[in-house]
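A.B. asks: File structure.cif below, mmCIF, N, CA and C atoms and all ligand atoms:
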data_start
#
loop_
_atom_site.group_PDB
_atom_site.id
_atom_site.type_symbol
_atom_site.label_atom_id
_atom_site.label_comp_id
_atom_site.auth_asym_id
_atom_site.auth_seq_id
_atom_site.Cartn_x
_atom_site.Cartn_y
_atom_site.Cartn_z
ATOM 1 N N MET B 1 -21.304 -8.964 -3.708
ATOM 2 C CA MET B 1 -20.550 -7.815 -3.178
ATOM 3 C C MET B 1 -19.190 -7.725 -3.860
ATOM 4 N N PRO B 2 -18.828 -6.548 -4.256
ATOM 5 C CA PRO B 2 -17.536 -6.393 -4.933
ATOM 6 C C PRO B 2 -16.357 -6.527 -3.971
ATOM 7 N N LEU B 3 -15.298 -7.030 -4.517
ATOM 8 C CA LEU B 3 -14.082 -7.199 -3.720
ATOM 9 C C LEU B 3 -13.119 -6.065 -4.051
ATOM 10 N N TYR B 4 -12.746 -5.349 -3.032
ATOM 11 C CA TYR B 4 -11.831 -4.237 -3.243
ATOM 12 C C TYR B 4 -10.470 -4.551 -2.642
ATOM 13 N N GLU B 5 -9.468 -3.953 -3.220
ATOM 14 C CA GLU B 5 -8.111 -4.194 -2.757
ATOM 15 C C GLU B 5 -7.567 -2.903 -2.159
ATOM 16 N N PHE B 6 -6.954 -3.058 -1.010
ATOM 17 C CA PHE B 6 -6.413 -1.899 -0.313
ATOM 18 C C PHE B 6 -4.934 -2.098 -0.060
ATOM 19 N N TYR B 7 -4.231 -0.985 0.015
ATOM 20 C CA TYR B 7 -2.801 -1.055 0.265
ATOM 21 C C TYR B 7 -2.428 -0.102 1.387
ATOM 22 N N CYS B 8 -1.760 -0.637 2.390
ATOM 23 C CA CYS B 8 -1.320 0.188 3.501
ATOM 24 C C CYS B 8 0.121 0.625 3.256
ATOM 25 N N ALA B 9 0.316 1.915 3.121
ATOM 26 C CA ALA B 9 1.653 2.432 2.852
ATOM 27 C C ALA B 9 2.529 2.377 4.098
ATOM 28 N N GLN B 10 1.901 2.243 5.232
ATOM 29 C CA GLN B 10 2.668 2.266 6.475
ATOM 30 C C GLN B 10 3.388 0.947 6.736
ATOM 31 N N CYS B 11 2.669 -0.159 6.563
ATOM 32 C CA CYS B 11 3.299 -1.454 6.816
ATOM 33 C C CYS B 11 3.408 -2.282 5.542
ATOM 34 N N LYS B 12 3.125 -1.648 4.425
ATOM 35 C CA LYS B 12 3.280 -2.287 3.113
ATOM 36 C C LYS B 12 2.435 -3.542 2.972
ATOM 37 N N THR B 13 1.304 -3.497 3.612
ATOM 38 C CA THR B 13 0.416 -4.645 3.542
ATOM 39 C C THR B 13 -0.679 -4.415 2.505
ATOM 40 N N LYS B 14 -0.929 -5.442 1.751
ATOM 41 C CA LYS B 14 -2.013 -5.369 0.787
ATOM 42 C C LYS B 14 -3.093 -6.349 1.226
ATOM 43 N N PHE B 15 -4.297 -5.899 1.231
ATOM 44 C CA PHE B 15 -5.374 -6.780 1.666
ATOM 45 C C PHE B 15 -6.629 -6.506 0.862
ATOM 46 N N GLU B 16 -7.477 -7.488 0.862
ATOM 47 C CA GLU B 16 -8.718 -7.372 0.116
ATOM 48 C C GLU B 16 -9.889 -7.360 1.085
ATOM 49 N N GLU B 17 -10.901 -6.665 0.689
ATOM 50 C CA GLU B 17 -12.052 -6.545 1.573
ATOM 51 C C GLU B 17 -13.323 -6.513 0.739
ATOM 52 N N LEU B 18 -14.283 -7.212 1.218
ATOM 53 C CA LEU B 18 -15.586 -7.146 0.567
ATOM 54 C C LEU B 18 -16.338 -5.962 1.140
ATOM 55 N N CYS B 19 -16.690 -5.050 0.274
ATOM 56 C CA CYS B 19 -17.374 -3.863 0.739
ATOM 57 C C CYS B 19 -18.709 -3.719 0.032
ATOM 58 N N ALA B 20 -19.711 -3.439 0.795
ATOM 59 C CA ALA B 20 -21.026 -3.243 0.203
ATOM 60 C C ALA B 20 -21.045 -1.965 -0.634
ATOM 61 N N ALA B 21 -20.365 -0.975 -0.141
ATOM 62 C CA ALA B 21 -20.297 0.281 -0.866
ATOM 63 C C ALA B 21 -18.851 0.567 -1.253
ATOM 64 N N SER B 22 -18.695 1.350 -2.277
ATOM 65 C CA SER B 22 -17.354 1.704 -2.719
ATOM 66 C C SER B 22 -16.688 2.613 -1.700
ATOM 67 N N ARG B 23 -15.545 2.155 -1.222
ATOM 68 C CA ARG B 23 -14.842 2.944 -0.211
ATOM 69 C C ARG B 23 -13.467 3.311 -0.722
ATOM 70 N N GLU B 24 -13.031 4.496 -0.366
ATOM 71 C CA GLU B 24 -11.722 4.947 -0.798
ATOM 72 C C GLU B 24 -10.636 4.556 0.188
ATOM 73 N N THR B 25 -11.000 4.467 1.428
ATOM 74 C CA THR B 25 -10.017 4.117 2.451
ATOM 75 C C THR B 25 -10.606 3.103 3.410
ATOM 76 N N LEU B 26 -9.711 2.389 4.066
ATOM 77 C CA LEU B 26 -10.130 1.395 5.039
ATOM 78 C C LEU B 26 -9.000 1.243 6.046
ATOM 79 N N SER B 27 -9.341 0.891 7.246
ATOM 80 C CA SER B 27 -8.301 0.703 8.248
ATOM 81 C C SER B 27 -7.528 -0.575 7.976
ATOM 82 N N CYS B 28 -6.218 -0.473 8.074
ATOM 83 C CA CYS B 28 -5.352 -1.619 7.843
ATOM 84 C C CYS B 28 -5.557 -2.653 8.952
ATOM 85 N N PRO B 29 -5.689 -3.928 8.582
ATOM 86 C CA PRO B 29 -5.881 -4.964 9.600
ATOM 87 C C PRO B 29 -4.624 -5.219 10.424
ATOM 88 N N GLU B 30 -3.485 -4.754 9.926
ATOM 89 C CA GLU B 30 -2.229 -4.994 10.624
ATOM 90 C C GLU B 30 -1.883 -3.884 11.599
ATOM 91 N N CYS B 31 -1.981 -2.658 11.114
ATOM 92 C CA CYS B 31 -1.536 -1.541 11.946
ATOM 93 C C CYS B 31 -2.622 -0.487 12.141
ATOM 94 N N ALA B 32 -3.782 -0.722 11.552
ATOM 95 C CA ALA B 32 -4.909 0.186 11.712
ATOM 96 C C ALA B 32 -4.713 1.554 11.084
ATOM 97 N N ALA B 33 -3.672 1.664 10.276
ATOM 98 C CA ALA B 33 -3.484 2.923 9.571
ATOM 99 C C ALA B 33 -4.485 3.013 8.419
ATOM 100 N N GLU B 34 -4.708 4.206 7.976
ATOM 101 C CA GLU B 34 -5.635 4.386 6.881
ATOM 102 C C GLU B 34 -5.004 3.897 5.583
ATOM 103 N N SER B 35 -5.671 2.971 4.947
ATOM 104 C CA SER B 35 -5.157 2.394 3.718
ATOM 105 C C SER B 35 -5.992 2.851 2.537
ATOM 106 N N LYS B 36 -5.307 3.075 1.456
ATOM 107 C CA LYS B 36 -6.017 3.549 0.275
ATOM 108 C C LYS B 36 -6.430 2.389 -0.618
ATOM 109 N N ARG B 37 -7.549 2.561 -1.225
ATOM 110 C CA ARG B 37 -8.009 1.538 -2.152
ATOM 111 C C ARG B 37 -7.183 1.612 -3.431
ATOM 112 N N VAL B 38 -6.849 0.468 -3.939
ATOM 113 C CA VAL B 38 -6.110 0.424 -5.195
ATOM 114 C C VAL B 38 -6.892 -0.420 -6.195
ATOM 115 N N LEU B 39 -6.625 -0.161 -7.427
ATOM 116 C CA LEU B 39 -7.258 -0.992 -8.440
ATOM 117 C C LEU B 39 -6.589 -2.348 -8.426
ATOM 118 N N SER B 40 -7.301 -3.306 -8.856
ATOM 119 C CA SER B 40 -6.774 -4.656 -8.882
ATOM 120 C C SER B 40 -5.433 -4.692 -9.605
ATOM 121 N N THR B 41 -4.483 -5.370 -8.991
ATOM 122 C CA THR B 41 -3.145 -5.420 -9.575
ATOM 123 C C THR B 41 -3.156 -6.143 -10.913
ATOM 124 N N PHE B 42 -4.148 -6.977 -11.108
ATOM 125 C CA PHE B 42 -4.222 -7.713 -12.362
ATOM 126 C C PHE B 42 -4.517 -6.781 -13.522
ATOM 127 N N ARG B 43 -5.120 -5.667 -13.212
ATOM 128 C CA ARG B 43 -5.475 -4.715 -14.268
ATOM 129 C C ARG B 43 -4.469 -3.574 -14.343
ATOM 130 N N ALA B 44 -3.554 -3.552 -13.402
ATOM 131 C CA ALA B 44 -2.627 -2.429 -13.369
ATOM 132 C C ALA B 44 -1.725 -2.427 -14.598
ATOM 133 N N GLY B 45 -1.194 -1.284 -14.893
ATOM 134 C CA GLY B 45 -0.329 -1.182 -16.051
ATOM 135 C C GLY B 45 -0.942 -0.285 -17.110
ATOM 136 N N ARG B 46 -0.357 -0.297 -18.243
ATOM 137 C CA ARG B 46 -0.805 0.592 -19.300
ATOM 138 C C ARG B 46 -1.701 -0.109 -20.303
ATOM 139 N N GLY B 47 -2.033 -1.329 -20.044
ATOM 140 C CA GLY B 47 -2.921 -2.022 -20.943
ATOM 141 C C GLY B 47 -2.251 -2.466 -22.229
ATOM 142 N N ALA B 48 -0.953 -2.383 -22.273
ATOM 143 C CA ALA B 48 -0.250 -2.766 -23.494
ATOM 144 C C ALA B 48 -0.162 -4.280 -23.620
ATOM 145 N N ALA B 49 -0.101 -4.927 -22.498
ATOM 146 C CA ALA B 49 0.013 -6.378 -22.537
ATOM 147 C C ALA B 49 -1.352 -7.030 -22.525
ATOM 148 N N GLY B 50 -1.361 -8.295 -22.848
ATOM 149 C CA GLY B 50 -2.599 -9.033 -22.739
ATOM 150 C C GLY B 50 -3.383 -9.081 -24.030
ATOM 151 N N GLY B 51 -4.180 -8.095 -24.281
ATOM 152 C CA GLY B 51 -5.000 -8.120 -25.470
ATOM 153 C C GLY B 51 -6.459 -7.894 -25.128
ATOM 154 N N GLY B 52 -6.724 -7.681 -23.866
ATOM 155 C CA GLY B 52 -8.062 -7.286 -23.464
ATOM 156 C C GLY B 52 -9.066 -8.414 -23.367
ATOM 157 N N ALA B 53 -8.699 -9.605 -23.782
ATOM 158 C CA ALA B 53 -9.670 -10.689 -23.778
ATOM 159 C C ALA B 53 -9.638 -11.497 -22.487
ATOM 160 N N SER B 54 -8.804 -11.085 -21.568
ATOM 161 C CA SER B 54 -8.663 -11.866 -20.356
ATOM 162 C C SER B 54 -9.752 -11.571 -19.338
ATOM 163 N N SER B 55 -10.597 -12.504 -19.102
ATOM 164 C CA SER B 55 -11.609 -12.430 -18.052
ATOM 165 C C SER B 55 -12.537 -11.225 -18.183
ATOM 166 N N GLY B 56 -12.599 -10.648 -19.326
ATOM 167 C CA GLY B 56 -13.526 -9.550 -19.523
ATOM 168 C C GLY B 56 -13.173 -8.283 -18.791
ATOM 169 N N GLY B 57 -11.933 -8.171 -18.350
ATOM 170 C CA GLY B 57 -11.538 -6.954 -17.651
ATOM 171 C C GLY B 57 -11.401 -5.800 -18.604
ATOM 172 N N CYS B 58 -11.586 -4.632 -18.099
ATOM 173 C CA CYS B 58 -11.477 -3.450 -18.942
ATOM 174 C C CYS B 58 -10.188 -2.704 -18.637
ATOM 175 N N SER B 59 -9.421 -2.428 -19.675
ATOM 176 C CA SER B 59 -8.188 -1.676 -19.463
ATOM 177 C C SER B 59 -8.374 -0.223 -19.830
ATOM 178 N N GLY B 60 -9.528 0.120 -20.313
ATOM 179 C CA GLY B 60 -9.783 1.497 -20.728
ATOM 180 C C GLY B 60 -10.340 2.348 -19.612
ATOM 181 N N CYS B 61 -10.855 1.728 -18.598
ATOM 182 C CA CYS B 61 -11.379 2.478 -17.477
ATOM 183 C C CYS B 61 -11.169 1.653 -16.214
ATOM 184 N N SER B 62 -11.645 2.125 -15.119
ATOM 185 C CA SER B 62 -11.403 1.437 -13.851
ATOM 186 C C SER B 62 -12.436 0.358 -13.583
ATOM 187 N N GLY B 63 -13.391 0.221 -14.443
ATOM 188 C CA GLY B 63 -14.439 -0.750 -14.200
ATOM 189 C C GLY B 63 -14.093 -2.131 -14.701
ATOM 190 N N LYS B 64 -14.808 -3.081 -14.220
ATOM 191 C CA LYS B 64 -14.660 -4.442 -14.703
ATOM 192 C C LYS B 64 -15.894 -4.779 -15.520
ATOM 193 N N ASN B 65 -15.646 -5.381 -16.640
ATOM 194 C CA ASN B 65 -16.755 -5.771 -17.510
ATOM 195 C C ASN B 65 -17.635 -4.579 -17.855
ATOM 196 N N CYS B 66 -17.008 -3.465 -18.114
ATOM 197 C CA CYS B 66 -17.804 -2.278 -18.373
ATOM 198 C C CYS B 66 -18.500 -2.354 -19.715
ATOM 199 N N GLY B 67 -17.856 -2.973 -20.687
ATOM 200 C CA GLY B 67 -18.475 -3.175 -21.975
ATOM 201 C C GLY B 67 -18.758 -1.925 -22.773
ATOM 202 N N SER B 68 -18.180 -0.805 -22.348
ATOM 203 C CA SER B 68 -18.482 0.426 -23.070
ATOM 204 C C SER B 68 -17.250 1.099 -23.644
ATOM 205 N N CYS B 69 -16.098 0.491 -23.382
ATOM 206 C CA CYS B 69 -14.899 1.101 -23.958
ATOM 207 C C CYS B 69 -13.924 0.044 -24.451
HETATM 208 ZN ZN ZN T 101 -0.808 -1.224 7.837
#
For the structure just supplied, provide its representation as structure tokens.
C.D. replies:
Amino acid sequence: MPLYEFYCAQCKTKFEELCAASRETLSCPECAAESKRVLSTFRAGRGAAGGGASSGGCSGCSGKNCGSC
């Protein structure tokens, strides 16, 4: 099951959740506000740093190990 990361703008809480299906929002465990899914912070940025060889992550798209870009 993929691990998704969510961020609650209301209480500034970031949490991870295992979701069977891709979800855009999830209730915050702290305040129950609707939290938006965010891309993994490890991949965030403009892709200028690193070199793309780290853990097979893809900086060209939102996927991990996409192998197509
Ligand atoms: Zn919250």
A.B. asks: Compute the set of protein, DNA and RNA residues whose minimum atom distance to ligand ZN 101 (chain T) is at most 5 Å, using only N, CA and C atoms and all ligand atoms, and state it as a PDB file with N, CA and C atoms, in the coordinates of the input.
C.D. replies:
ATOM      1  N   CYS B   8      -1.760  -0.637   2.390  1.00  0.00           N
ATOM      2  CA  CYS B   8      -1.320   0.188   3.501  1.00  0.00           C
ATOM      3  C   CYS B   8       0.121   0.625   3.256  1.00  0.00           C
ATOM      4  N   GLN B  10       1.901   2.243   5.232  1.00  0.00           N
ATOM      5  CA  GLN B  10       2.668   2.266   6.475  1.00  0.00           C
ATOM      6  C   GLN B  10       3.388   0.947   6.736  1.00  0.00           C
ATOM      7  N   CYS B  11       2.669  -0.159   6.563  1.00  0.00           N
ATOM      8  CA  CYS B  11       3.299  -1.454   6.816  1.00  0.00           C
ATOM      9  C   CYS B  11       3.408  -2.282   5.542  1.00  0.00           C
ATOM     10  N   CYS B  28      -6.218  -0.473   8.074  1.00  0.00           N
ATOM     11  CA  CYS B  28      -5.352  -1.619   7.843  1.00  0.00           C
ATOM     12  C   CYS B  28      -5.557  -2.653   8.952  1.00  0.00           C
ATOM     13  N   GLU B  30      -3.485  -4.754   9.926  1.00  0.00           N
ATOM     14  CA  GLU B  30      -2.229  -4.994  10.624  1.00  0.00           C
ATOM     15  C   GLU B  30      -1.883  -3.884  11.599  1.00  0.00           C
ATOM     16  N   CYS B  31      -1.981  -2.658  11.114  1.00  0.00           N
ATOM     17  CA  CYS B  31      -1.536  -1.541  11.946  1.00  0.00           C
ATOM     18  C   CYS B  31      -2.622  -0.487  12.141  1.00  0.00           C
ATOM     19  N   ALA B  32      -3.782  -0.722  11.552  1.00  0.00           N
ATOM     20  CA  ALA B  32      -4.909   0.186  11.712  1.00  0.00           C
ATOM     21  C   ALA B  32      -4.713   1.554  11.084  1.00  0.00           C
ATOM     22  N   ALA B  33      -3.672   1.664  10.276  1.00  0.00           N
ATOM     23  CA  ALA B  33      -3.484   2.923   9.571  1.00  0.00           C
ATOM     24  C   ALA B  33      -4.485   3.013   8.419  1.00  0.00           C
TER      25      ALA B  33
END
A.B. asks: At a cut-off of 6.5 Å, using all atoms listed in the file, what residues contact Lys36 of chain B? Leave out same-chain residues fewer than 4 positions from it and give the result as a ChimeraX atom specification.
C.D. replies: /B:5-9,24-26
A.B. asks: Skip Ala20 of chain B itself and residues of its chain fewer than 4 positions away, then list as a list in words all residues within 8 Å of it, counting only N, CA and C atoms.
C.D. replies: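 So the residues in contact are Met1, Pro2 and Leu3 of chain B.
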A.B. asks: To one decimal place, how far is atom C of Leu39 of chain B from atom N of Ser59 of chain B in Å?
C.D. replies: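 Answer for the atom C of Leu39 of chain B to atom N of Ser59 of chain B separation: 11.6 Å.
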A.B. asks: How many Å separate atom C of Phe15 of chain B from atom C of Ser68 of chain B?
C.D. replies: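 For atom C of Phe15 of chain B relative to atom C of Ser68 of chain B, the distance reads 27.8 Å.
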A.B. asks: To one decimal place in Å, what is the distance between atom CA of Val38 of chain B and atom CA of Asn65 of chain B?
C.D. replies: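 Between atom CA of Val38 of chain B and atom CA of Asn65 of chain B the gap is 17.4 Å.
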